[in-house]
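Novice: Structure file work_13.cif (mmCIF, C-alpha atoms and all ligand atoms) is given on the next line.
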```cif
data_final
#
loop_
_atom_site.group_PDB
_atom_site.id
_atom_site.type_symbol
_atom_site.label_atom_id
_atom_site.label_comp_id
_atom_site.auth_asym_id
_atom_site.auth_seq_id
_atom_site.Cartn_x
_atom_site.Cartn_y
_atom_site.Cartn_z
ATOM 1 C CA MET A 14 11.001 18.739 -6.741
ATOM 2 C CA SER A 15 10.525 15.911 -9.287
ATOM 3 C CA PRO A 16 7.231 13.943 -9.120
ATOM 4 C CA VAL A 17 9.159 10.928 -7.780
ATOM 5 C CA ASP A 18 10.897 13.009 -5.076
ATOM 6 C CA ALA A 19 7.482 14.006 -3.704
ATOM 7 C CA PHE A 20 7.320 10.452 -2.264
ATOM 8 C CA ARG A 21 10.647 10.535 -0.389
ATOM 9 C CA LEU A 22 10.025 9.694 3.293
ATOM 10 C CA SER A 23 12.076 10.483 6.415
ATOM 11 C CA ASP A 24 13.141 7.795 8.914
ATOM 12 C CA ALA A 25 10.498 9.071 11.364
ATOM 13 C CA ALA A 26 7.732 8.863 8.726
ATOM 14 C CA ALA A 27 8.781 5.313 7.826
ATOM 15 C CA ARG A 28 8.747 4.291 11.500
ATOM 16 C CA LYS A 29 5.293 5.808 11.993
ATOM 17 C CA TYR A 30 4.065 3.981 8.894
ATOM 18 C CA GLN A 31 5.302 0.648 10.287
ATOM 19 C CA ASP A 32 3.956 1.246 13.819
ATOM 20 C CA HIS A 33 0.466 2.463 12.833
ATOM 21 C CA SER A 34 -0.503 1.996 9.185
ATOM 22 C CA VAL A 35 0.909 -1.517 8.791
ATOM 23 C CA PRO A 36 -1.056 -3.147 11.658
ATOM 24 C CA ALA A 37 -4.182 -1.130 10.776
ATOM 25 C CA MET A 38 -4.305 -1.862 7.043
ATOM 26 C CA PHE A 39 -1.285 -3.177 5.215
ATOM 27 C CA ALA A 40 -0.607 -6.357 7.216
ATOM 28 C CA PRO A 41 -4.291 -7.468 7.036
ATOM 29 C CA LEU A 42 -4.313 -6.682 3.302
ATOM 30 C CA ALA A 43 -1.065 -8.645 2.855
ATOM 31 C CA ASP A 44 -2.586 -11.661 4.640
ATOM 32 C CA ALA A 45 -5.722 -11.510 2.475
ATOM 33 C CA THR A 46 -3.598 -11.159 -0.676
ATOM 34 C CA VAL A 47 -1.193 -13.977 0.068
ATOM 35 C CA LYS A 48 -4.143 -16.349 0.691
ATOM 36 C CA ARG A 49 -5.285 -15.699 -2.889
ATOM 37 C CA LEU A 50 -1.870 -16.179 -4.476
ATOM 38 C CA ASN A 51 -0.829 -19.627 -5.513
ATOM 39 C CA LEU A 52 2.796 -18.984 -4.562
ATOM 40 C CA PRO A 53 5.210 -20.785 -6.912
ATOM 41 C CA THR A 54 7.370 -23.519 -5.323
ATOM 42 C CA ASP A 55 11.024 -22.397 -5.326
ATOM 43 C CA GLY A 56 9.761 -19.225 -7.017
ATOM 44 C CA HIS A 57 11.503 -15.924 -7.573
ATOM 45 C CA VAL A 58 9.187 -13.252 -6.199
ATOM 46 C CA LEU A 59 9.538 -9.468 -6.362
ATOM 47 C CA ASP A 60 7.597 -7.105 -4.065
ATOM 48 C CA VAL A 61 7.639 -3.658 -5.721
ATOM 49 C CA ALA A 62 7.080 -0.567 -3.537
ATOM 50 C CA CYS A 63 7.355 -2.990 -0.622
ATOM 51 C CA GLY A 64 7.394 -0.248 2.023
ATOM 52 C CA THR A 65 8.393 -1.741 5.364
ATOM 53 C CA GLY A 66 7.778 -5.222 3.952
ATOM 54 C CA ALA A 67 4.263 -6.177 5.167
ATOM 55 C CA LEU A 68 3.524 -8.244 2.043
ATOM 56 C CA THR A 69 7.157 -9.318 1.560
ATOM 57 C CA ARG A 70 7.161 -10.919 5.018
ATOM 58 C CA ALA A 71 3.836 -12.688 4.328
ATOM 59 C CA ILE A 72 5.309 -14.057 1.079
ATOM 60 C CA ILE A 73 8.502 -15.223 2.810
ATOM 61 C CA GLU A 74 6.352 -17.013 5.401
ATOM 62 C CA HIS A 75 4.211 -18.849 2.839
ATOM 63 C CA LEU A 76 6.522 -19.426 -0.155
ATOM 64 C CA PRO A 77 6.910 -23.179 -0.621
ATOM 65 C CA GLY A 78 10.364 -24.673 -1.187
ATOM 66 C CA GLN A 79 13.524 -22.573 -1.309
ATOM 67 C CA GLY A 80 13.027 -19.650 -3.637
ATOM 68 C CA CYS A 81 14.119 -16.057 -3.611
ATOM 69 C CA VAL A 82 12.164 -13.003 -2.399
ATOM 70 C CA VAL A 83 13.233 -9.461 -3.272
ATOM 71 C CA GLY A 84 11.689 -6.331 -1.756
ATOM 72 C CA THR A 85 12.257 -2.994 -3.498
ATOM 73 C CA ASP A 86 11.082 0.481 -2.586
ATOM 74 C CA LEU A 87 11.929 4.041 -3.545
ATOM 75 C CA ASN A 88 12.669 4.904 0.077
ATOM 76 C CA GLN A 89 15.778 3.580 1.811
ATOM 77 C CA SER A 90 14.058 4.530 5.113
ATOM 78 C CA MET A 91 11.299 1.944 4.411
ATOM 79 C CA ILE A 92 13.802 -0.676 3.215
ATOM 80 C CA ASP A 93 15.889 -0.277 6.399
ATOM 81 C CA ILE A 94 12.876 -1.093 8.586
ATOM 82 C CA ALA A 95 11.836 -3.979 6.322
ATOM 83 C CA GLN A 96 15.317 -5.455 6.519
ATOM 84 C CA SER A 97 15.505 -5.071 10.311
ATOM 85 C CA MET A 98 12.177 -6.950 10.716
ATOM 86 C CA THR A 99 12.971 -9.961 8.542
ATOM 87 C CA ALA A 100 13.285 -13.199 10.484
ATOM 88 C CA GLN A 101 15.734 -15.967 9.575
ATOM 89 C CA THR A 102 14.465 -18.021 6.642
ATOM 90 C CA GLU A 103 15.653 -20.707 4.283
ATOM 91 C CA HIS A 104 14.721 -18.395 1.395
ATOM 92 C CA ASN A 105 17.179 -16.065 -0.242
ATOM 93 C CA VAL A 106 15.921 -12.575 0.712
ATOM 94 C CA GLU A 107 17.208 -9.294 -0.740
ATOM 95 C CA TRP A 108 16.217 -5.665 -0.144
ATOM 96 C CA VAL A 109 16.951 -3.008 -2.757
ATOM 97 C CA ALA A 110 16.142 0.726 -2.803
ATOM 98 C CA SER A 111 14.948 1.528 -6.316
ATOM 99 C CA ASP A 112 12.433 3.546 -8.295
ATOM 100 C CA VAL A 113 9.882 1.214 -9.904
ATOM 101 C CA THR A 114 10.780 2.552 -13.358
ATOM 102 C CA GLU A 115 14.462 1.562 -12.973
ATOM 103 C CA LEU A 116 14.445 -1.905 -11.425
ATOM 104 C CA PRO A 117 18.031 -3.184 -11.227
ATOM 105 C CA PHE A 118 17.174 -6.734 -12.395
ATOM 106 C CA ASP A 119 17.657 -8.716 -15.601
ATOM 107 C CA ALA A 120 14.751 -9.141 -17.992
ATOM 108 C CA GLN A 121 12.521 -12.151 -17.285
ATOM 109 C CA SER A 122 13.943 -12.931 -13.821
ATOM 110 C CA PHE A 123 10.794 -13.284 -11.660
ATOM 111 C CA ASP A 124 7.851 -15.730 -11.529
ATOM 112 C CA LEU A 125 5.677 -13.338 -9.542
ATOM 113 C CA ALA A 126 5.745 -9.590 -8.932
ATOM 114 C CA CYS A 127 3.499 -7.857 -6.373
ATOM 115 C CA VAL A 128 2.445 -4.254 -5.914
ATOM 116 C CA GLN A 129 0.415 -3.641 -2.762
ATOM 117 C CA GLN A 130 -0.968 -0.076 -2.660
ATOM 118 C CA GLY A 131 1.867 1.395 -4.711
ATOM 119 C CA LEU A 132 0.402 2.064 -8.164
ATOM 120 C CA GLN A 133 -1.496 5.209 -7.101
ATOM 121 C CA PHE A 134 1.797 6.829 -6.032
ATOM 122 C CA PHE A 135 3.814 6.108 -9.212
ATOM 123 C CA PRO A 136 4.036 9.349 -11.235
ATOM 124 C CA ASP A 137 4.587 7.441 -14.518
ATOM 125 C CA LYS A 138 2.239 4.436 -14.307
ATOM 126 C CA PRO A 139 2.773 3.131 -17.886
ATOM 127 C CA ALA A 140 6.582 3.196 -17.370
ATOM 128 C CA ALA A 141 6.201 1.446 -14.001
ATOM 129 C CA LEU A 142 4.043 -1.349 -15.444
ATOM 130 C CA ALA A 143 6.329 -1.732 -18.490
ATOM 131 C CA GLU A 144 9.310 -2.156 -16.151
ATOM 132 C CA ILE A 145 7.503 -4.794 -14.062
ATOM 133 C CA PHE A 146 6.508 -6.579 -17.304
ATOM 134 C CA ARG A 147 10.182 -6.554 -18.396
ATOM 135 C CA VAL A 148 11.462 -8.304 -15.256
ATOM 136 C CA LEU A 149 8.697 -10.983 -15.237
ATOM 137 C CA LYS A 150 9.267 -14.316 -16.946
ATOM 138 C CA SER A 151 6.917 -15.304 -19.740
ATOM 139 C CA GLY A 152 3.905 -16.808 -17.904
ATOM 140 C CA GLY A 153 4.866 -14.808 -14.796
ATOM 141 C CA ARG A 154 2.143 -13.013 -12.825
ATOM 142 C CA LEU A 155 1.664 -9.571 -11.356
ATOM 143 C CA SER A 156 -0.488 -9.305 -8.206
ATOM 144 C CA LEU A 157 -1.747 -5.767 -7.693
ATOM 145 C CA THR A 158 -3.967 -4.144 -5.083
ATOM 146 C CA CYS A 159 -5.130 -0.528 -5.081
ATOM 147 C CA TRP A 160 -7.970 0.986 -3.000
ATOM 148 C CA ARG A 161 -11.288 0.635 -4.847
ATOM 149 C CA ALA A 162 -13.297 3.203 -2.879
ATOM 150 C CA ILE A 163 -12.451 6.013 -0.524
ATOM 151 C CA SER A 164 -12.978 4.505 2.911
ATOM 152 C CA PRO A 165 -15.735 6.090 5.043
ATOM 153 C CA PHE A 166 -13.031 6.917 7.601
ATOM 154 C CA ASN A 167 -10.792 8.775 5.126
ATOM 155 C CA ASP A 168 -13.783 10.517 3.590
ATOM 156 C CA ALA A 169 -14.877 11.760 7.039
ATOM 157 C CA LEU A 170 -11.301 12.717 7.905
ATOM 158 C CA ALA A 171 -10.776 14.644 4.657
ATOM 159 C CA GLU A 172 -14.055 16.512 5.064
ATOM 160 C CA ALA A 173 -13.254 17.475 8.674
ATOM 161 C CA LEU A 174 -9.718 18.553 7.721
ATOM 162 C CA ALA A 175 -11.072 20.742 4.912
ATOM 163 C CA ILE A 176 -13.346 22.536 7.399
ATOM 164 C CA HIS A 177 -11.056 22.797 10.455
ATOM 165 C CA VAL A 178 -7.459 22.519 9.144
ATOM 166 C CA SER A 179 -6.708 23.108 5.439
ATOM 167 C CA ASP A 180 -7.472 21.946 1.907
ATOM 168 C CA ASP A 181 -3.904 20.738 1.678
ATOM 169 C CA ALA A 182 -4.371 18.427 4.681
ATOM 170 C CA ALA A 183 -7.689 17.192 3.233
ATOM 171 C CA GLN A 184 -5.938 16.367 -0.031
ATOM 172 C CA LYS A 185 -3.247 14.379 1.822
ATOM 173 C CA ALA A 186 -5.976 12.300 3.515
ATOM 174 C CA ARG A 187 -7.563 11.490 0.150
ATOM 175 C CA ALA A 188 -4.290 10.857 -1.773
ATOM 176 C CA PRO A 189 -4.048 7.078 -1.173
ATOM 177 C CA PHE A 190 -7.592 6.740 -2.623
ATOM 178 C CA SER A 191 -6.959 8.941 -5.641
ATOM 179 C CA PHE A 192 -6.644 6.171 -8.225
ATOM 180 C CA ARG A 193 -9.717 3.956 -7.941
ATOM 181 C CA ASP A 194 -10.972 3.358 -11.467
ATOM 182 C CA GLY A 195 -10.795 -0.396 -12.145
ATOM 183 C CA ASP A 196 -11.366 0.069 -15.891
ATOM 184 C CA LEU A 197 -8.447 2.492 -16.049
ATOM 185 C CA ILE A 198 -6.170 0.072 -14.160
ATOM 186 C CA THR A 199 -7.292 -2.720 -16.514
ATOM 187 C CA SER A 200 -6.399 -0.580 -19.568
ATOM 188 C CA LEU A 201 -3.001 0.342 -18.119
ATOM 189 C CA LEU A 202 -2.208 -3.323 -17.473
ATOM 190 C CA GLN A 203 -3.346 -4.368 -20.951
ATOM 191 C CA ASP A 204 -1.416 -1.518 -22.606
ATOM 192 C CA ALA A 205 1.714 -2.761 -20.809
ATOM 193 C CA GLY A 206 1.142 -6.184 -22.434
ATOM 194 C CA PHE A 207 -0.506 -8.077 -19.551
ATOM 195 C CA SER A 208 -3.585 -10.325 -19.763
ATOM 196 C CA ILE A 209 -5.977 -9.891 -16.848
ATOM 197 C CA THR A 210 -6.468 -13.253 -15.149
ATOM 198 C CA THR A 211 -8.402 -12.066 -12.088
ATOM 199 C CA HIS A 212 -10.084 -8.823 -11.084
ATOM 200 C CA ASP A 213 -12.147 -8.795 -7.944
ATOM 201 C CA GLY A 214 -12.110 -7.118 -4.547
ATOM 202 C CA ILE A 215 -10.825 -7.488 -1.019
ATOM 203 C CA VAL A 216 -12.785 -5.828 1.789
ATOM 204 C CA LEU A 217 -10.976 -5.196 5.069
ATOM 205 C CA GLN A 218 -12.748 -4.255 8.295
ATOM 206 C CA ARG A 219 -10.586 -1.553 9.898
ATOM 207 C CA ARG A 220 -10.967 -1.114 13.685
ATOM 208 C CA PHE A 221 -10.751 2.261 15.417
ATOM 209 C CA GLU A 222 -10.434 1.672 19.138
ATOM 210 C CA ASP A 223 -8.745 4.977 19.975
ATOM 211 C CA LEU A 224 -9.801 7.497 17.327
ATOM 212 C CA ARG A 225 -7.593 10.294 18.678
ATOM 213 C CA ALA A 226 -4.414 8.194 18.758
ATOM 214 C CA GLN A 227 -5.157 6.688 15.349
ATOM 215 C CA VAL A 228 -5.872 10.044 13.702
ATOM 216 C CA LEU A 229 -2.763 11.640 15.239
ATOM 217 C CA ALA A 230 -0.649 8.760 13.918
ATOM 218 C CA LEU A 231 -1.430 9.808 10.336
ATOM 219 C CA PRO A 232 0.846 11.918 8.090
ATOM 220 C CA VAL A 233 -1.570 14.871 8.642
ATOM 221 C CA GLU A 234 -0.591 15.047 12.346
ATOM 222 C CA GLN A 235 1.683 18.072 11.818
ATOM 223 C CA ASP A 236 -1.007 19.967 9.854
ATOM 224 C CA MET A 237 -3.488 19.339 12.675
ATOM 225 C CA ARG A 238 -1.100 20.234 15.490
ATOM 226 C CA ALA A 239 -0.221 23.476 13.671
ATOM 227 C CA LYS A 240 -3.907 24.478 13.997
ATOM 228 C CA GLY A 241 -4.007 23.739 17.740
ATOM 229 C CA GLU A 242 -5.964 21.521 20.160
ATOM 230 C CA ALA A 243 -9.367 23.080 19.483
ATOM 231 C CA ALA A 244 -9.102 22.241 15.772
ATOM 232 C CA ILE A 245 -7.996 18.674 16.604
ATOM 233 C CA ASP A 246 -11.007 18.249 18.903
ATOM 234 C CA GLN A 247 -13.352 19.506 16.183
ATOM 235 C CA VAL A 248 -11.869 17.146 13.591
ATOM 236 C CA LEU A 249 -12.291 14.188 15.961
ATOM 237 C CA GLU A 250 -15.861 15.202 16.839
ATOM 238 C CA ASP A 251 -16.827 15.449 13.152
ATOM 239 C CA ILE A 252 -15.263 12.087 12.320
ATOM 240 C CA ALA A 253 -16.964 10.361 15.259
ATOM 241 C CA ALA A 254 -20.331 11.790 14.153
ATOM 242 C CA ARG A 255 -19.830 10.616 10.562
ATOM 243 C CA LEU A 256 -18.727 7.148 11.685
ATOM 244 C CA ALA A 257 -21.673 6.650 14.065
ATOM 245 C CA PRO A 258 -23.270 4.045 11.744
ATOM 246 C CA TYR A 259 -20.097 1.942 12.124
ATOM 247 C CA ALA A 260 -20.004 2.001 15.966
ATOM 248 C CA GLN A 261 -20.039 -1.451 17.561
ATOM 249 C CA GLY A 262 -19.443 -1.982 21.277
ATOM 250 C CA GLY A 263 -17.374 1.156 21.814
ATOM 251 C CA VAL A 264 -15.248 0.852 18.660
ATOM 252 C CA PHE A 265 -15.763 1.835 15.037
ATOM 253 C CA ILE A 266 -15.441 -0.972 12.498
ATOM 254 C CA VAL A 267 -15.159 0.590 9.073
ATOM 255 C CA PRO A 268 -14.930 -1.192 5.697
ATOM 256 C CA GLN A 269 -12.043 -0.469 3.370
ATOM 257 C CA GLU A 270 -12.163 -1.936 -0.137
ATOM 258 C CA ALA A 271 -9.343 -2.754 -2.526
ATOM 259 C CA HIS A 272 -9.168 -3.901 -6.137
ATOM 260 C CA PHE A 273 -7.343 -7.213 -6.442
ATOM 261 C CA PHE A 274 -5.819 -7.934 -9.851
ATOM 262 C CA ILE A 275 -3.778 -10.837 -11.138
ATOM 263 C CA ALA A 276 -2.276 -9.996 -14.533
ATOM 264 C CA THR A 277 -0.157 -12.439 -16.520
ATOM 265 C CA ARG A 278 2.746 -11.761 -18.871
ATOM 266 C CA PRO A 279 1.936 -13.940 -21.939
HETATM 267 C C1 LIG A 301 1.161 2.931 0.779
HETATM 268 S S1 LIG A 301 2.837 2.461 0.726
HETATM 269 C C2 LIG A 301 2.673 0.689 0.440
HETATM 270 C C3 LIG A 301 3.895 -0.044 0.905
HETATM 271 C C4 LIG A 301 3.795 -1.556 0.980
HETATM 272 N N1 LIG A 301 3.515 -2.142 -0.302
HETATM 273 C C5 LIG A 301 2.807 -1.992 2.020
HETATM 274 O O1 LIG A 301 1.822 -2.627 1.655
HETATM 275 O O2 LIG A 301 2.984 -1.668 3.210
HETATM 276 C C6 LIG A 301 3.394 3.043 -0.858
HETATM 277 C C7 LIG A 301 4.866 2.768 -1.093
HETATM 278 O O3 LIG A 301 5.184 3.166 -2.431
HETATM 279 C C8 LIG A 301 6.531 3.578 -2.427
HETATM 280 N N2 LIG A 301 6.794 4.337 -3.656
HETATM 281 C C9 LIG A 301 6.277 5.544 -4.000
HETATM 282 N N3 LIG A 301 6.752 5.914 -5.196
HETATM 283 C C10 LIG A 301 7.576 4.925 -5.630
HETATM 284 C C11 LIG A 301 8.363 4.747 -6.795
HETATM 285 N N4 LIG A 301 8.387 5.667 -7.777
HETATM 286 N N5 LIG A 301 9.096 3.612 -6.913
HETATM 287 C C12 LIG A 301 9.071 2.673 -5.921
HETATM 288 N N6 LIG A 301 8.354 2.797 -4.786
HETATM 289 C C13 LIG A 301 7.607 3.906 -4.637
HETATM 290 C C14 LIG A 301 6.633 4.399 -1.148
HETATM 291 O O4 LIG A 301 7.964 4.563 -0.732
HETATM 292 C C15 LIG A 301 5.820 3.552 -0.188
HETATM 293 O O5 LIG A 301 6.638 2.658 0.532
#
```
Here is a file; write its structure as structure tokens.
Specialist:
Amino acid sequence: MSPVDAFRLSDAAARKYQDHSVPAMFAPLADATVKRLNLPTDGHVLDVACGTGALTRAIIEHLPGQGCVVGTDLNQSMIDIAQSMTAQTEHNVEWVASDVTELPFDAQSFDLACVQQGLQFFPDKPAALAEIFRVLKSGGRLSLTCWRAISPFNDALAEALAIHVSDDAAQKARAPFSFRDGDLITSLLQDAGFSITTHDGIVLQRRFEDLRAQVLALPVEQDMRAKGEAAIDQVLEDIAARLAPYAQGGVFIVPQEAHFFIATRP
């Protein structure tokens, strides 16, 4: 399997992502991101690794004027859901399945490119950033978010999985948080030719109202089920104990921090 193929997702995985991960994390992050972006009037905007379109939809909703919004993702399964969820708009909207390193667009065609929680999954990060640089106009901006710290929830989950399920499952739980070094991201952006205009953070407060349902909605569900109900109960018990400091009125409210970068193509 090539490093890129490791990120191919089935239709069922894409649906689960949209039903659980998007409302829990990616839609709130998209809202926080779009508030910080001065969206260009009549702009051409590209959402790279758009998934099921959480950020793309927020951009379509807030983009002033006419403009054009393109969502691209490696997985056709994600693109299909994104396309099916897009409401009528006066903007020109396109969805394209594509690897970030082979974007099927002319050089200098976009005013703004966005990558929300995609960079950590790109096997060749310099090639990905060089390709995004190529399709941005001179003066065009890249908005990029990537988790800045492993969230207390994922840390507790990974630790419990390592004890009660498997190291492989624990590694899956940590994977989205595997690329957190802001200095390294800064260097990668600068090496691709970008100037850093903004680097700060976004902190989400993630709610866990039904820990069991929310844990079993994760990609590690199959690993946990393979170990049986007793192992699932132990994982949930361990997580609940670790998250006790975050309990508020019967729910856990857990912080989750992201880097927020704006990088400009000179
Ligand atoms: C955590 S999801 C984020 C999706 C979306 N940006 C959001 O906020 O919901 C990571 C996305 O990266 C995509 N991805 C992984 N490798 C990719 C690649 N080489 N080229 C393009 N997209 C890729 C996956 O298909 C997945 O949709």
Novice: Between atom CA of A:Pro258 and atom CA of A:Pro165, measure the distance and give it in Å to one decimal.
Specialist: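 Distance reported for this atom pair: 10.3 Å.
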Novice: Counting all atoms listed in the file, figure out which residue out of A:Pro36, A:Ala67, A:Thr54, A:Pro16 gets nearest to ligand LIG 301 (chain A).
Specialist: A:Ala67
Novice: Using all atoms listed in the file, pick whichever of A:Val61, A:Ile163, A:Ala175, A:Val148 has the shortest atom-to-atom distance to A:Arg187.
Specialist: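 Of all the options, A:Ile163 lies closest to A:Arg187.
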Novice: Pick out the residues no farther than 7 Å from ligand LIG 301 (chain A), counting all atoms listed in the file, and list them as a PyMOL selection string.
Specialist: chain A and resi 17+20-22+35+39+43+61-68+85-88+91+111-114+128-131+134-136+189
Novice: Do a neighbour search on A:Gly263 at 12 Å with only C-alpha atoms, toss out local chain neighbours closer than 6 positions, and write the hits as a compact mmCIF listing (two decimals) with C-alpha atoms, in the frame of the given file.
Specialist:
```
# COMPACT_ATOMS: atom_id res chain seq x y z
CA ARG A 220 -10.97 -1.11 13.68
CA PHE A 221 -10.75 2.26 15.42
CA GLU A 222 -10.43 1.67 19.14
CA ASP A 223 -8.74 4.98 19.98
CA LEU A 224 -9.80 7.50 17.33
CA ALA A 253 -16.96 10.36 15.26
CA LEU A 256 -18.73 7.15 11.68
CA ALA A 257 -21.67 6.65 14.06
```
Novice: Record the distance separating atom CA of A:His75 and atom CA of A:Ile266, expressed in Å with one decimal.
Specialist: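 Spanning atom CA of A:His75 to atom CA of A:Ile266 is a straight-line distance of 28.3 Å.
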Novice: To one decimal place in Å, what is the distance between atom CA of A:Ala126 and atom CA of A:Val58?
Specialist: 5.7 Å
Novice: Mind telling me what the PyMOL selection byres (((chain A and resi 142) around 10) and not hetatm) catches here, as a list in words?
Specialist: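 Taken over the shown coordinates, the PyMOL selection byres (((chain A and resi 142) around 10) and not hetatm) returns Val113, Thr114, Leu132, Phe135, Asp137, Lys138, Pro139, Ala140, Ala141, Ala143, Glu144, Ile145, Phe146, Arg147, Leu155, Leu201, Leu202, Gln203, Asp204, Ala205, Gly206 and Phe207 of chain A.
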Novice: Closest to A:Gln31 among A:Gln269, A:Gln79, A:Ser97, A:Ser191, using all atoms listed in the file?
Specialist: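 Ranked by minimum distance to A:Gln31, first place goes to A:Ser97.
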Novice: Taking into account all atoms listed in the file, which residue in the set A:Ile176, A:Ile198, A:Ile252, A:Met98 is nearest to A:Phe265?
Specialist: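 Answer, going by the shortest atom-to-atom distance: A:Ile252.
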Novice: Any chance you could turn stretch 96-112 of chain A into a file with N, CA, C and O atoms, as an mmCIF file, in the first residue's frame?
Specialist:
```cif
data_model
loop_
_atom_site.group_PDB
_atom_site.id
_atom_site.type_symbol
_atom_site.label_atom_id
_atom_site.label_comp_id
_atom_site.auth_asym_id
_atom_site.auth_seq_id
_atom_site.Cartn_x
_atom_site.Cartn_y
_atom_site.Cartn_z
ATOM 1 N N GLN A 96 -20.829 16.973 -1.516
ATOM 2 C CA GLN A 96 -21.648 17.441 -2.633
ATOM 3 C C GLN A 96 -23.142 17.319 -2.297
ATOM 4 O O GLN A 96 -23.917 18.228 -2.556
ATOM 5 N N SER A 97 -23.510 16.193 -1.654
ATOM 6 C CA SER A 97 -24.928 15.958 -1.368
ATOM 7 C C SER A 97 -25.446 16.933 -0.306
ATOM 8 O O SER A 97 -26.642 17.131 -0.173
ATOM 9 N N MET A 98 -24.533 17.551 0.485
ATOM 10 C CA MET A 98 -24.973 18.437 1.570
ATOM 11 C C MET A 98 -24.934 19.913 1.200
ATOM 12 O O MET A 98 -25.228 20.765 2.035
ATOM 13 N N THR A 99 -24.524 20.224 -0.028
ATOM 14 C CA THR A 99 -24.353 21.631 -0.389
ATOM 15 C C THR A 99 -25.679 22.241 -0.821
ATOM 16 O O THR A 99 -26.325 21.742 -1.740
ATOM 17 N N ALA A 100 -26.053 23.311 -0.120
ATOM 18 C CA ALA A 100 -27.321 23.986 -0.439
ATOM 19 C C ALA A 100 -27.148 24.836 -1.700
ATOM 20 O O ALA A 100 -26.021 25.127 -2.111
ATOM 21 N N GLN A 101 -28.256 25.251 -2.278
ATOM 22 C CA GLN A 101 -28.225 26.168 -3.423
ATOM 23 C C GLN A 101 -27.514 27.453 -3.024
ATOM 24 O O GLN A 101 -27.682 27.936 -1.914
ATOM 25 N N THR A 102 -26.710 27.996 -3.911
ATOM 26 C CA THR A 102 -25.982 29.226 -3.624
ATOM 27 C C THR A 102 -25.735 29.978 -4.924
ATOM 28 O O THR A 102 -25.738 29.377 -5.995
ATOM 29 N N GLU A 103 -25.512 31.289 -4.759
ATOM 30 C CA GLU A 103 -25.199 32.071 -5.966
ATOM 31 C C GLU A 103 -23.734 31.886 -6.377
ATOM 32 O O GLU A 103 -23.322 32.281 -7.453
ATOM 33 N N HIS A 104 -22.944 31.237 -5.486
ATOM 34 C CA HIS A 104 -21.540 31.000 -5.827
ATOM 35 C C HIS A 104 -21.403 29.822 -6.770
ATOM 36 O O HIS A 104 -22.228 28.920 -6.780
ATOM 37 N N ASN A 105 -20.306 29.837 -7.515
ATOM 38 C CA ASN A 105 -19.985 28.682 -8.348
ATOM 39 C C ASN A 105 -19.246 27.681 -7.458
ATOM 40 O O ASN A 105 -18.187 28.000 -6.923
ATOM 41 N N VAL A 106 -19.819 26.501 -7.255
ATOM 42 C CA VAL A 106 -19.215 25.512 -6.338
ATOM 43 C C VAL A 106 -18.831 24.263 -7.129
ATOM 44 O O VAL A 106 -19.619 23.761 -7.929
ATOM 45 N N GLU A 107 -17.588 23.797 -6.905
ATOM 46 C CA GLU A 107 -17.140 22.565 -7.577
ATOM 47 C C GLU A 107 -16.543 21.621 -6.547
ATOM 48 O O GLU A 107 -15.938 22.071 -5.564
ATOM 49 N N TRP A 108 -16.673 20.330 -6.795
ATOM 50 C CA TRP A 108 -16.083 19.301 -5.923
ATOM 51 C C TRP A 108 -15.210 18.399 -6.774
ATOM 52 O O TRP A 108 -15.659 17.912 -7.825
ATOM 53 N N VAL A 109 -13.976 18.170 -6.351
ATOM 54 C CA VAL A 109 -13.037 17.403 -7.167
ATOM 55 C C VAL A 109 -12.278 16.429 -6.269
ATOM 56 O O VAL A 109 -11.689 16.844 -5.262
ATOM 57 N N ALA A 110 -12.257 15.145 -6.636
ATOM 58 C CA ALA A 110 -11.427 14.178 -5.898
ATOM 59 C C ALA A 110 -9.999 14.281 -6.424
ATOM 60 O O ALA A 110 -9.770 14.153 -7.634
ATOM 61 N N SER A 111 -9.052 14.556 -5.517
ATOM 62 C CA SER A 111 -7.674 14.747 -5.966
ATOM 63 C C SER A 111 -6.705 14.652 -4.779
ATOM 64 O O SER A 111 -7.017 15.102 -3.674
ATOM 65 N N ASP A 112 -5.549 14.076 -5.065
ATOM 66 C CA ASP A 112 -4.458 14.097 -4.082
ATOM 67 C C ASP A 112 -3.923 15.532 -4.013
ATOM 68 O O ASP A 112 -3.793 16.193 -5.057
#
```
